[in-house]
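Heads up, input-v8.pdb below (PDB, C-alpha atoms):
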ATOM      1  CA  MET A   1     104.738  56.520  59.571
ATOM      2  CA  LYS A   2     103.757  55.153  56.154
ATOM      3  CA  ASN A   3     100.683  57.278  55.679
ATOM      4  CA  PRO A   4     100.565  60.212  58.052
ATOM      5  CA  PHE A   5      97.146  61.249  56.704
ATOM      6  CA  GLU A   6      95.762  58.318  58.697
ATOM      7  CA  HIS A   7      97.096  59.873  61.865
ATOM      8  CA  LEU A   8      95.252  63.133  61.384
ATOM      9  CA  ASP A   9      92.433  63.373  63.903
ATOM     10  CA  LYS A  10      89.043  63.350  62.181
ATOM     11  CA  VAL A  11      87.492  65.623  64.795
ATOM     12  CA  LEU A  12      90.333  68.135  64.663
ATOM     13  CA  GLU A  13      90.515  68.318  60.892
ATOM     14  CA  HIS A  14      87.913  71.053  61.115
ATOM     15  CA  ARG A  15      89.696  74.384  61.461
ATOM     16  CA  THR A  16      87.470  75.900  64.172
ATOM     17  CA  ARG A  17      87.645  72.801  66.356
ATOM     18  CA  LEU A  18      91.432  72.730  66.012
ATOM     19  CA  GLN A  19      91.546  76.398  67.002
ATOM     20  CA  ILE A  20      89.301  75.866  70.025
ATOM     21  CA  ILE A  21      91.271  72.921  71.366
ATOM     22  CA  SER A  22      94.593  74.699  70.767
ATOM     23  CA  VAL A  23      93.453  77.684  72.814
ATOM     24  CA  LEU A  24      92.333  75.350  75.601
ATOM     25  CA  ALA A  25      95.706  73.560  75.460
ATOM     26  CA  ALA A  26      97.485  76.896  75.993
ATOM     27  CA  ASN A  27      95.293  78.011  78.918
ATOM     28  CA  ASP A  28      94.056  76.408  82.138
ATOM     29  CA  ALA A  29      90.473  77.199  81.193
ATOM     30  CA  TYR A  30      88.656  79.580  78.866
ATOM     31  CA  ASP A  31      85.173  81.067  78.871
ATOM     32  CA  PHE A  32      82.633  81.179  76.055
ATOM     33  CA  THR A  33      82.603  84.939  75.478
ATOM     34  CA  THR A  34      86.367  85.387  75.412
ATOM     35  CA  LEU A  35      86.676  82.402  73.073
ATOM     36  CA  LYS A  36      84.038  83.886  70.784
ATOM     37  CA  GLU A  37      85.843  87.245  70.634
ATOM     38  CA  LEU A  38      89.218  85.600  70.068
ATOM     39  CA  LEU A  39      88.042  83.390  67.191
ATOM     40  CA  ASP A  40      85.627  86.008  65.846
ATOM     41  CA  ILE A  41      82.784  83.558  65.157
ATOM     42  CA  THR A  42      79.070  83.501  65.976
ATOM     43  CA  ASP A  43      77.504  82.114  69.169
ATOM     44  CA  GLY A  44      75.774  79.293  67.308
ATOM     45  CA  ASN A  45      78.867  78.280  65.389
ATOM     46  CA  LEU A  46      81.024  78.179  68.502
ATOM     47  CA  ALA A  47      78.376  76.329  70.519
ATOM     48  CA  THR A  48      78.055  73.637  67.830
ATOM     49  CA  HIS A  49      81.793  72.952  67.744
ATOM     50  CA  LEU A  50      82.079  73.017  71.534
ATOM     51  CA  LYS A  51      79.261  70.446  71.750
ATOM     52  CA  HIS A  52      81.051  68.265  69.231
ATOM     53  CA  LEU A  53      84.331  68.422  71.181
ATOM     54  CA  GLU A  54      82.476  67.772  74.422
ATOM     55  CA  ARG A  55      80.755  64.721  72.922
ATOM     56  CA  GLU A  56      84.164  63.336  71.930
ATOM     57  CA  LYS A  57      85.311  64.005  75.541
ATOM     58  CA  TYR A  58      88.139  66.185  74.195
ATOM     59  CA  ILE A  59      86.992  69.039  76.431
ATOM     60  CA  ALA A  60      85.175  69.323  79.754
ATOM     61  CA  VAL A  61      82.685  71.972  80.856
ATOM     62  CA  VAL A  62      83.180  73.788  84.155
ATOM     63  CA  LYS A  63      80.227  75.780  85.426
ATOM     64  CA  SER A  64      80.766  78.517  87.997
ATOM     65  CA  PHE A  65      79.432  81.909  89.007
ATOM     66  CA  ILE A  66      81.007  85.344  88.646
ATOM     67  CA  ASP A  67      79.107  88.139  90.378
ATOM     68  CA  ARG A  68      76.199  85.701  90.686
ATOM     69  CA  LYS A  69      76.026  85.345  86.915
ATOM     70  CA  PRO A  70      76.573  81.861  85.516
ATOM     71  CA  ASN A  71      79.901  81.526  83.766
ATOM     72  CA  THR A  72      80.628  78.504  81.589
ATOM     73  CA  ARG A  73      84.251  77.652  81.088
ATOM     74  CA  TYR A  74      85.933  74.945  79.089
ATOM     75  CA  LYS A  75      88.972  72.830  79.858
ATOM     76  CA  ILE A  76      90.926  70.420  77.689
ATOM     77  CA  THR A  77      90.851  66.785  78.867
ATOM     78  CA  GLU A  78      93.749  64.307  78.821
ATOM     79  CA  LYS A  79      92.074  62.622  75.862
ATOM     80  CA  GLY A  80      91.885  65.955  74.057
ATOM     81  CA  ARG A  81      95.512  66.746  74.786
ATOM     82  CA  THR A  82      96.662  63.373  73.441
ATOM     83  CA  ALA A  83      94.532  63.775  70.328
ATOM     84  CA  LEU A  84      95.887  67.286  69.698
ATOM     85  CA  SER A  85      99.459  66.154  70.127
ATOM     86  CA  ARG A  86      98.951  63.260  67.660
ATOM     87  CA  HIS A  87      97.271  65.611  65.218
ATOM     88  CA  PHE A  88     100.125  68.134  65.402
ATOM     89  CA  ASN A  89     102.677  65.346  64.935
ATOM     90  CA  ALA A  90     100.815  64.076  61.881
ATOM     91  CA  MET A  91     100.724  67.604  60.420
ATOM     92  CA  ALA A  92     104.443  68.032  61.062
ATOM     93  CA  GLU A  93     105.148  64.643  59.474
ATOM     94  CA  LEU A  94     103.171  65.596  56.367
ATOM     95  CA  ILE A  95     105.208  68.775  56.029
ATOM     96  CA  ARG A  96     108.468  66.835  56.450
ATOM     97  CA  GLN A  97     107.532  64.191  53.847
ATOM     98  CA  GLN A  98     106.660  66.846  51.330
ATOM     99  CA  LYS A  99     109.990  68.596  51.826
ATOM    100  CA  ARG A 100     112.069  65.488  51.230
TER     101      ARG A 100
ATOM    102  CA  MET B   1      93.709  70.951  53.409
ATOM    103  CA  SER B   2      95.220  69.305  50.414
ATOM    104  CA  ASN B   3      98.778  70.389  50.169
ATOM    105  CA  ASN B   4     101.763  71.029  52.280
ATOM    106  CA  GLN B   5     101.735  74.820  52.156
ATOM    107  CA  ASP B   6      98.336  74.777  53.852
ATOM    108  CA  PHE B   7      99.607  72.615  56.703
ATOM    109  CA  GLU B   8     102.531  74.909  57.340
ATOM    110  CA  GLU B   9     100.378  78.016  57.320
ATOM    111  CA  GLU B  10      97.806  76.312  59.511
ATOM    112  CA  LEU B  11     100.421  75.299  62.095
ATOM    113  CA  ALA B  12     101.884  78.807  62.142
ATOM    114  CA  SER B  13      98.486  80.459  62.564
ATOM    115  CA  ILE B  14      97.505  78.016  65.326
ATOM    116  CA  HIS B  15     100.773  78.714  67.117
ATOM    117  CA  GLN B  16     100.093  82.449  66.918
ATOM    118  CA  LEU B  17      96.538  81.961  68.176
ATOM    119  CA  MET B  18      97.752  79.945  71.185
ATOM    120  CA  GLN B  19     100.144  82.721  72.174
ATOM    121  CA  ARG B  20      97.573  85.452  71.636
ATOM    122  CA  SER B  21      94.902  83.583  73.615
ATOM    123  CA  ALA B  22      96.782  84.020  76.907
ATOM    124  CA  LYS B  23      97.409  87.752  76.477
ATOM    125  CA  PHE B  24      95.335  90.737  77.439
ATOM    126  CA  ILE B  25      96.047  92.942  74.440
ATOM    127  CA  SER B  26      93.827  95.903  75.288
ATOM    128  CA  LEU B  27      96.303  97.420  77.752
ATOM    129  CA  SER B  28      97.117 100.864  76.433
ATOM    130  CA  GLY B  29     100.714 102.008  75.998
ATOM    131  CA  MET B  30      99.631 105.610  76.466
ATOM    132  CA  SER B  31      98.494 104.783  80.004
ATOM    133  CA  GLY B  32     102.094 103.762  80.776
ATOM    134  CA  ILE B  33     103.390 107.116  79.520
ATOM    135  CA  LEU B  34     100.834 109.061  81.587
ATOM    136  CA  ALA B  35     101.440 106.947  84.722
ATOM    137  CA  GLY B  36     105.140 107.769  84.346
ATOM    138  CA  LEU B  37     104.393 111.481  84.059
ATOM    139  CA  TYR B  38     102.166 111.388  87.162
ATOM    140  CA  ALA B  39     104.929 109.599  89.076
ATOM    141  CA  LEU B  40     107.493 112.207  88.014
ATOM    142  CA  ALA B  41     105.112 115.017  89.020
ATOM    143  CA  GLY B  42     104.581 113.351  92.418
ATOM    144  CA  ALA B  43     108.317 112.844  92.895
ATOM    145  CA  ALA B  44     109.003 116.470  91.933
ATOM    146  CA  PHE B  45     106.392 117.633  94.427
ATOM    147  CA  ALA B  46     107.951 115.506  97.189
ATOM    148  CA  TYR B  47     111.409 116.766  96.242
ATOM    149  CA  PHE B  48     110.440 120.458  96.496
ATOM    150  CA  ARG B  49     108.538 119.787  99.683
ATOM    151  CA  PHE B  50     111.227 117.889 101.582
ATOM    152  CA  GLN B  51     114.634 118.049  99.893
ATOM    153  CA  TYR B  52     114.901 121.377  98.080
ATOM    154  CA  PRO B  53     117.252 123.325  97.962
ATOM    155  CA  GLU B  54     119.555 120.301  98.149
ATOM    156  CA  SER B  55     120.183 118.800  94.721
ATOM    157  CA  ILE B  56     118.259 115.679  93.718
ATOM    158  CA  LEU B  57     121.667 114.035  93.261
ATOM    159  CA  GLU B  58     122.590 114.873  96.859
ATOM    160  CA  TYR B  59     122.825 111.708  98.984
ATOM    161  CA  ARG B  60     120.294 112.011 101.824
ATOM    162  CA  LEU B  61     121.701 110.848 105.145
ATOM    163  CA  TYR B  62     118.372 110.483 106.931
ATOM    164  CA  PRO B  63     114.883 109.481 105.746
ATOM    165  CA  VAL B  64     111.725 111.490 106.308
ATOM    166  CA  TYR B  65     110.871 110.456 109.863
ATOM    167  CA  ASP B  66     108.344 112.854 111.327
ATOM    168  CA  ILE B  67     104.822 111.539 111.189
ATOM    169  CA  ASN B  68     103.189 114.481 109.395
ATOM    170  CA  SER B  69     105.732 114.502 106.578
ATOM    171  CA  LEU B  70     105.382 110.734 106.280
ATOM    172  CA  LYS B  71     101.627 111.050 105.948
ATOM    173  CA  GLU B  72     102.160 113.665 103.254
ATOM    174  CA  VAL B  73     104.561 111.425 101.288
ATOM    175  CA  MET B  74     102.097 108.533 101.495
ATOM    176  CA  LEU B  75      99.279 110.799 100.349
ATOM    177  CA  ILE B  76     101.322 111.907  97.308
ATOM    178  CA  ALA B  77     102.069 108.265  96.454
ATOM    179  CA  LEU B  78      98.385 107.361  96.861
ATOM    180  CA  VAL B  79      97.257 110.195  94.563
ATOM    181  CA  VAL B  80      99.792 109.086  91.916
ATOM    182  CA  LEU B  81      98.585 105.476  92.216
ATOM    183  CA  ILE B  82      94.890 106.324  91.938
ATOM    184  CA  ALA B  83      95.431 108.752  89.030
ATOM    185  CA  SER B  84      97.507 106.118  87.182
ATOM    186  CA  LEU B  85      94.963 103.333  87.740
ATOM    187  CA  ALA B  86      92.039 105.543  86.681
ATOM    188  CA  THR B  87      93.829 106.734  83.527
ATOM    189  CA  GLY B  88      94.958 103.202  82.711
ATOM    190  CA  LEU B  89      91.460 101.803  83.120
ATOM    191  CA  TRP B  90      89.911 104.571  81.047
ATOM    192  CA  LEU B  91      92.380 104.274  78.137
ATOM    193  CA  THR B  92      92.274 100.475  78.246
ATOM    194  CA  MET B  93      88.469 100.506  78.052
ATOM    195  CA  GLY B  94      88.734 102.771  75.017
ATOM    196  CA  LYS B  95      91.212 100.459  73.322
ATOM    197  CA  ALA B  96      89.112  97.376  74.108
ATOM    198  CA  LYS B  97      86.101  99.095  72.563
ATOM    199  CA  ARG B  98      88.035  99.882  69.367
ATOM    200  CA  HIS B  99      89.096  96.219  69.122
ATOM    201  CA  GLY B 100      85.527  95.131  69.822
ATOM    202  CA  VAL B 101      86.461  92.967  72.797
ATOM    203  CA  SER B 102      85.290  93.120  76.379
ATOM    204  CA  ILE B 103      87.612  94.419  79.087
ATOM    205  CA  TRP B 104      86.366  91.884  81.636
ATOM    206  CA  ASN B 105      87.310  88.544  80.110
ATOM    207  CA  GLU B 106      89.254  85.368  80.786
ATOM    208  CA  THR B 107      92.660  86.980  80.246
ATOM    209  CA  SER B 108      91.977  90.177  82.196
ATOM    210  CA  ARG B 109      90.694  88.198  85.178
ATOM    211  CA  ARG B 110      93.821  86.053  85.151
ATOM    212  CA  LEU B 111      95.994  89.144  84.669
ATOM    213  CA  ILE B 112      94.472  90.850  87.722
ATOM    214  CA  LEU B 113      94.890  87.720  89.850
ATOM    215  CA  ASN B 114      98.536  87.323  88.812
ATOM    216  CA  LEU B 115      99.258  91.004  89.482
ATOM    217  CA  SER B 116      97.435  91.084  92.815
ATOM    218  CA  ILE B 117      99.296  88.308  94.576
ATOM    219  CA  PRO B 118     102.699  90.090  94.718
ATOM    220  CA  LEU B 119     101.093  93.559  94.916
ATOM    221  CA  VAL B 120      98.826  92.815  97.870
ATOM    222  CA  THR B 121     101.629  90.947  99.651
ATOM    223  CA  GLY B 122     103.954  93.912  99.056
ATOM    224  CA  GLY B 123     101.324  96.441 100.070
ATOM    225  CA  ILE B 124     100.673  94.750 103.420
ATOM    226  CA  PHE B 125     104.409  94.265 103.984
ATOM    227  CA  ILE B 126     105.140  97.942 103.267
ATOM    228  CA  ILE B 127     102.353  99.172 105.554
ATOM    229  CA  ILE B 128     103.714  97.006 108.383
ATOM    230  CA  CYS B 129     107.263  98.318 107.804
ATOM    231  CA  ALA B 130     106.076 101.938 107.783
ATOM    232  CA  TRP B 131     104.005 101.255 110.915
ATOM    233  CA  GLN B 132     107.098  99.925 112.679
ATOM    234  CA  GLY B 133     109.102 102.968 111.633
ATOM    235  CA  GLN B 134     111.276 101.152 109.083
ATOM    236  CA  VAL B 135     110.607 103.823 106.476
ATOM    237  CA  GLU B 136     113.987 103.451 104.738
ATOM    238  CA  ILE B 137     112.746 100.137 103.270
ATOM    239  CA  VAL B 138     109.586 101.516 101.638
ATOM    240  CA  ALA B 139     110.890 102.859  98.304
ATOM    241  CA  ALA B 140     112.908  99.704  97.604
ATOM    242  CA  ALA B 141     110.033  97.414  98.610
ATOM    243  CA  CYS B 142     107.601  99.300  96.321
ATOM    244  CA  LEU B 143     109.919  98.793  93.339
ATOM    245  CA  ILE B 144     110.736  95.146  94.104
ATOM    246  CA  PHE B 145     107.166  93.957  94.703
ATOM    247  CA  TYR B 146     105.910  95.902  91.672
ATOM    248  CA  GLY B 147     108.646  94.307  89.546
ATOM    249  CA  LEU B 148     107.740  90.828  90.825
ATOM    250  CA  ALA B 149     104.072  91.494  90.049
ATOM    251  CA  LEU B 150     104.945  92.457  86.463
ATOM    252  CA  VAL B 151     107.130  89.383  85.933
ATOM    253  CA  ASN B 152     104.375  87.201  87.418
ATOM    254  CA  ALA B 153     101.731  88.709  85.123
ATOM    255  CA  SER B 154     103.905  88.967  82.005
ATOM    256  CA  PRO B 155     102.518  85.793  80.358
ATOM    257  CA  ASN B 156      99.180  87.637  80.188
ATOM    258  CA  LEU B 157     100.720  90.853  78.815
ATOM    259  CA  TYR B 158     103.035  91.963  76.030
ATOM    260  CA  ASP B 159     106.480  90.337  76.201
ATOM    261  CA  GLU B 160     108.173  93.687  76.946
ATOM    262  CA  ILE B 161     106.497  93.797  80.360
ATOM    263  CA  ARG B 162     108.765  91.011  81.599
ATOM    264  CA  TYR B 163     111.819  93.227  81.003
ATOM    265  CA  LEU B 164     110.103  96.182  82.658
ATOM    266  CA  GLY B 165     109.601  93.881  85.659
ATOM    267  CA  TYR B 166     113.272  92.856  85.730
ATOM    268  CA  SER B 167     114.316  96.522  85.544
ATOM    269  CA  GLU B 168     112.023  97.486  88.435
ATOM    270  CA  ILE B 169     113.439  94.665  90.592
ATOM    271  CA  ALA B 170     117.032  95.743  89.819
ATOM    272  CA  LEU B 171     116.232  99.374  90.674
ATOM    273  CA  GLY B 172     114.586  98.236  93.921
ATOM    274  CA  ILE B 173     117.713  96.369  94.970
ATOM    275  CA  LEU B 174     119.864  99.406  94.108
ATOM    276  CA  ALA B 175     117.477 101.656  96.049
ATOM    277  CA  GLN B 176     118.014  99.540  99.157
ATOM    278  CA  ALA B 177     121.801  99.497  98.630
ATOM    279  CA  PHE B 178     121.843 103.318  98.355
ATOM    280  CA  PRO B 179     118.927 104.431 100.545
ATOM    281  CA  GLY B 180     119.967 108.100 100.267
ATOM    282  CA  TYR B 181     118.976 107.989  96.578
ATOM    283  CA  SER B 182     115.559 106.401  97.237
ATOM    284  CA  LEU B 183     113.608 109.233  95.645
ATOM    285  CA  LEU B 184     115.851 109.158  92.580
ATOM    286  CA  PHE B 185     115.445 105.388  92.100
ATOM    287  CA  TRP B 186     111.710 105.642  92.760
ATOM    288  CA  SER B 187     111.428 108.353  90.062
ATOM    289  CA  LEU B 188     113.467 106.257  87.631
ATOM    290  CA  GLY B 189     111.391 103.122  88.282
ATOM    291  CA  PHE B 190     107.883 104.526  88.369
ATOM    292  CA  GLY B 191     108.498 107.606  86.197
ATOM    293  CA  VAL B 192     111.176 107.175  83.547
ATOM    294  CA  LEU B 193     110.769 103.413  82.962
ATOM    295  CA  HIS B 194     106.990 103.708  82.565
ATOM    296  CA  ILE B 195     107.431 106.497  80.016
ATOM    297  CA  VAL B 196     110.108 104.582  78.062
ATOM    298  CA  TYR B 197     108.236 101.247  78.004
ATOM    299  CA  GLY B 198     104.850 102.935  77.531
ATOM    300  CA  ALA B 199     106.190 104.846  74.513
ATOM    301  CA  ALA B 200     107.739 101.681  73.038
ATOM    302  CA  MET B 201     104.457  99.785  73.465
ATOM    303  CA  PHE B 202     102.444 102.685  72.103
ATOM    304  CA  ARG B 203     104.603 102.788  68.959
ATOM    305  CA  LYS B 204     104.487  99.029  68.507
ATOM    306  CA  TYR B 205     100.883  98.134  69.361
ATOM    307  CA  ASP B 206      98.629 101.172  69.597
ATOM    308  CA  ARG B 207      99.083 102.893  66.267
TER     309      ARG B 207
END
Represent the supplied structure as structure tokens.
Amino acid sequence: MKNPFEHLDKVLEHRTRLQIISVLAANDAYDFTTLKELLDITDGNLATHLKHLEREKYIAVVKSFIDRKPNTRYKITEKGRTALSRHFNAMAELIRQQKR
Amino acid sequence: MSNNQDFEEELASIHQLMQRSAKFISLSGMSGILAGLYALAGAAFAYFRFQYPESILEYRLYPVYDINSLKEVMLIALVVLIASLATGLWLTMGKAKRHGVSIWNETSRRLILNLSIPLVTGGIFIIICAWQGQVEIVAAACLIFYGLALVNASPNLYDEIRYLGYSEIALGILAQAFPGYSLLFWSLGFGVLHIVYGAAMFRKYDR
């Protein structure tokens, strides 16, 4: 890799979006409220970044019901997983280059 | 993110977040200590009711067979179970409130599912065994299925819980190898181990 900065994912360069997709990579699925508590951010902020990730098809929305209340959960897609893995590799490569 | 230090810190914090995201951290260590005390109280009650004045270290040559005594033993176990669950729920709700998180969330739902599969299987299995008069299997089966449930749910709990699970399984196997010491192994597994692990978790996470 000549210039690993090129391999950084533009969508995932934002800290919150990277956090969201990392949590989804570590879990089968995750719901809005638990995600909000975990990241300690506002509803609006989280919703905006989720929309962005959804638009990029990095995550998929799964709607279901718990006790007859609607429950929206999010899953990482294959595209999202590939993007995250490339992004992590680019970050690791940047760290390695610096250390040389 | 301009320099290297930032990338390293970012990767480390993301790694930590990924691990934390799967865990239900509101479980209270104190509830483990109290559950252990309830179990010891229940075991002591059963001991004085059915084994005294023989020593607790005395190897019993026959299990409790008569139906009324059996019902009494099951009732004691049920009271211990309900008291432990109620205390655990109450303390865990308190801890969740202090952390400002909800008790009913993604991780707690997954935790309950992962715990229930071995526990419900074991529960049904034990009831069938008791029904068929194979009472000498009950103490060991309680310990083994409980241990399997803990190992199964350990990704959603603190790492120590995995070792508690292994210990419960080992005690269960020993309890079946030495059925005359069932009460002793049961007290060690549900009493002493809960107190030891509960205290360790309380020191590490609750203070």
So that all listed atoms of stretch 5-22 of chain B fit with 6 Å spare on each side, what axis-aligned box centre and edge lengths in Å, to one decimal, would you give as AutoDock Vina command-line options?
--center_x 98.7 --center_y 79.0 --center_z 64.5 --size_x 19.6 --size_y 24.8 --size_z 36.8
Which residues are close to stretch 48-58 of chain B, i.e. within 12 Å by only C-alpha atoms, leaving aside same-chain residues fewer than 2 positions away? Reply as a list in words.
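With the cut-off at 12 Å, the set is Ala41, Gly42, Ala43, Ala44, Phe45, Ala46, Arg60, Leu61, Tyr62, Pro63, Val64, Tyr65, Asp66, Asn68, Ser69, Leu70, Glu72, Val73, Ile76, Phe178, Pro179, Gly180, Tyr181, Ser182, Leu183, Leu184, Phe185 and Ser187 of chain B.
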Grab the residues selected above and save them as a PDB file, in the frame of the given file with C-alpha atoms.
ATOM      1  CA  ALA B  41     105.112 115.017  89.020  1.00  0.00           C
ATOM      2  CA  GLY B  42     104.581 113.351  92.418  1.00  0.00           C
ATOM      3  CA  ALA B  43     108.317 112.844  92.895  1.00  0.00           C
ATOM      4  CA  ALA B  44     109.003 116.470  91.933  1.00  0.00           C
ATOM      5  CA  PHE B  45     106.392 117.633  94.427  1.00  0.00           C
ATOM      6  CA  ALA B  46     107.951 115.506  97.189  1.00  0.00           C
ATOM      7  CA  ARG B  60     120.294 112.011 101.824  1.00  0.00           C
ATOM      8  CA  LEU B  61     121.701 110.848 105.145  1.00  0.00           C
ATOM      9  CA  TYR B  62     118.372 110.483 106.931  1.00  0.00           C
ATOM     10  CA  PRO B  63     114.883 109.481 105.746  1.00  0.00           C
ATOM     11  CA  VAL B  64     111.725 111.490 106.308  1.00  0.00           C
ATOM     12  CA  TYR B  65     110.871 110.456 109.863  1.00  0.00           C
ATOM     13  CA  ASP B  66     108.344 112.854 111.327  1.00  0.00           C
ATOM     14  CA  ASN B  68     103.189 114.481 109.395  1.00  0.00           C
ATOM     15  CA  SER B  69     105.732 114.502 106.578  1.00  0.00           C
ATOM     16  CA  LEU B  70     105.382 110.734 106.280  1.00  0.00           C
ATOM     17  CA  GLU B  72     102.160 113.665 103.254  1.00  0.00           C
ATOM     18  CA  VAL B  73     104.561 111.425 101.288  1.00  0.00           C
ATOM     19  CA  ILE B  76     101.322 111.907  97.308  1.00  0.00           C
ATOM     20  CA  PHE B 178     121.843 103.318  98.355  1.00  0.00           C
ATOM     21  CA  PRO B 179     118.927 104.431 100.545  1.00  0.00           C
ATOM     22  CA  GLY B 180     119.967 108.100 100.267  1.00  0.00           C
ATOM     23  CA  TYR B 181     118.976 107.989  96.578  1.00  0.00           C
ATOM     24  CA  SER B 182     115.559 106.401  97.237  1.00  0.00           C
ATOM     25  CA  LEU B 183     113.608 109.233  95.645  1.00  0.00           C
ATOM     26  CA  LEU B 184     115.851 109.158  92.580  1.00  0.00           C
ATOM     27  CA  PHE B 185     115.445 105.388  92.100  1.00  0.00           C
ATOM     28  CA  SER B 187     111.428 108.353  90.062  1.00  0.00           C
TER      29      SER B 187
END
Write out as CSV the residues of chain B that have any atom within 10 Å of an atom of chain A, one row each with the nearest atom pair and its distance in Å to one decimal, counting only C-alpha atoms, sorted by chain and then rising number.
residue,atom,partner,partner_atom,distance
B:Met1,CA,A:Glu13,CA,8.6
B:Asn3,CA,A:Gln98,CA,8.7
B:Asn4,CA,A:Ile95,CA,5.6
B:Gln5,CA,A:Ile95,CA,8.0
B:Asp6,CA,A:Ile95,CA,9.4
B:Phe7,CA,A:Met91,CA,6.3
B:Glu8,CA,A:Ile95,CA,6.8
B:Glu10,CA,A:Arg15,CA,8.6
B:Leu11,CA,A:Met91,CA,7.9
B:Ser13,CA,A:Gln19,CA,9.2
B:Ile14,CA,A:Gln19,CA,6.4
B:His15,CA,A:Ser22,CA,8.2
B:Leu17,CA,A:Val23,CA,7.0
B:Met18,CA,A:Val23,CA,5.1
B:Gln19,CA,A:Ala26,CA,7.5
B:Arg20,CA,A:Leu38,CA,8.5
B:Ser21,CA,A:Val23,CA,6.1
B:Ala22,CA,A:Asn27,CA,6.5
B:His99,CA,A:Glu37,CA,9.7
B:Gly100,CA,A:Glu37,CA,7.9
B:Val101,CA,A:Glu37,CA,6.1
B:Ser102,CA,A:Thr34,CA,7.9
B:Ile103,CA,A:Thr34,CA,9.8
B:Trp104,CA,A:Thr34,CA,9.0
B:Asn105,CA,A:Thr34,CA,5.7
B:Glu106,CA,A:Thr34,CA,6.1
B:Thr107,CA,A:Thr34,CA,8.1
In Å, with one decimal, what is the gap from atom CA of B:Val138 to atom CA of B:Gly191?
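Straight-line distance from atom CA of B:Val138 to atom CA of B:Gly191 works out to 16.6 Å.
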Distance of atom CA of B:Tyr197 from atom CA of B:Gly165, expressed in Å to one decimal place:
10.7 Å
Distance atom CA of B:Thr87-atom CA of B:Phe202, one decimal place?
14.9 Å
Quick one: residues within 7 Å of stretch 54-58 of chain A, all atoms listed in the file counted, chain neighbours fewer than 4 positions away excluded, as number ranges by chain?
A: 50, 76-77, 79-80
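Of the listed residues (B:Cys142, B:Ser154, B:Trp131, B:Lys97), B:Ser154 comes nearest to B:Arg110; the distances count all atoms listed in the file.
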Missing atoms in stretch 26-39 of chain A should be modelled up to N, CA and C atoms and reported as a PDB file, keeping the file's coordinate frame.
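Output file rebuild-v6.pdb follows:
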ATOM      1  N   ALA A  26      96.541  75.858  75.574  1.00  0.00           N
ATOM      2  CA  ALA A  26      97.485  76.896  75.993  1.00  0.00           C
ATOM      3  C   ALA A  26      97.037  77.614  77.269  1.00  0.00           C
ATOM      4  N   ASN A  27      95.825  77.330  77.734  1.00  0.00           N
ATOM      5  CA  ASN A  27      95.293  78.011  78.918  1.00  0.00           C
ATOM      6  C   ASN A  27      94.648  77.008  79.873  1.00  0.00           C
ATOM      7  N   ASP A  28      94.683  77.306  81.151  1.00  0.00           N
ATOM      8  CA  ASP A  28      94.056  76.408  82.138  1.00  0.00           C
ATOM      9  C   ASP A  28      92.589  76.165  81.818  1.00  0.00           C
ATOM     10  N   ALA A  29      91.888  77.272  81.543  1.00  0.00           N
ATOM     11  CA  ALA A  29      90.473  77.199  81.193  1.00  0.00           C
ATOM     12  C   ALA A  29      90.131  78.463  80.417  1.00  0.00           C
ATOM     13  N   TYR A  30      89.012  78.423  79.679  1.00  0.00           N
ATOM     14  CA  TYR A  30      88.656  79.580  78.866  1.00  0.00           C
ATOM     15  C   TYR A  30      87.141  79.708  78.846  1.00  0.00           C
ATOM     16  N   ASP A  31      86.632  80.930  78.866  1.00  0.00           N
ATOM     17  CA  ASP A  31      85.173  81.067  78.871  1.00  0.00           C
ATOM     18  C   ASP A  31      84.622  81.313  77.468  1.00  0.00           C
ATOM     19  N   PHE A  32      83.304  81.133  77.351  1.00  0.00           N
ATOM     20  CA  PHE A  32      82.633  81.179  76.055  1.00  0.00           C
ATOM     21  C   PHE A  32      82.835  82.523  75.358  1.00  0.00           C
ATOM     22  N   THR A  33      82.566  83.610  76.094  1.00  0.00           N
ATOM     23  CA  THR A  33      82.603  84.939  75.478  1.00  0.00           C
ATOM     24  C   THR A  33      83.999  85.307  74.982  1.00  0.00           C
ATOM     25  N   THR A  34      85.000  85.049  75.811  1.00  0.00           N
ATOM     26  CA  THR A  34      86.367  85.387  75.412  1.00  0.00           C
ATOM     27  C   THR A  34      86.784  84.556  74.197  1.00  0.00           C
ATOM     28  N   LEU A  35      86.369  83.295  74.196  1.00  0.00           N
ATOM     29  CA  LEU A  35      86.676  82.402  73.073  1.00  0.00           C
ATOM     30  C   LEU A  35      86.016  82.916  71.791  1.00  0.00           C
ATOM     31  N   LYS A  36      84.790  83.370  71.926  1.00  0.00           N
ATOM     32  CA  LYS A  36      84.038  83.886  70.784  1.00  0.00           C
ATOM     33  C   LYS A  36      84.718  85.123  70.194  1.00  0.00           C
ATOM     34  N   GLU A  37      85.158  86.025  71.098  1.00  0.00           N
ATOM     35  CA  GLU A  37      85.843  87.245  70.634  1.00  0.00           C
ATOM     36  C   GLU A  37      87.173  86.910  69.972  1.00  0.00           C
ATOM     37  N   LEU A  38      87.891  85.964  70.580  1.00  0.00           N
ATOM     38  CA  LEU A  38      89.218  85.600  70.068  1.00  0.00           C
ATOM     39  C   LEU A  38      89.119  84.993  68.665  1.00  0.00           C
ATOM     40  N   LEU A  39      88.145  84.082  68.479  1.00  0.00           N
ATOM     41  CA  LEU A  39      88.042  83.390  67.191  1.00  0.00           C
ATOM     42  C   LEU A  39      87.190  84.164  66.197  1.00  0.00           C
TER      43      LEU A  39
END
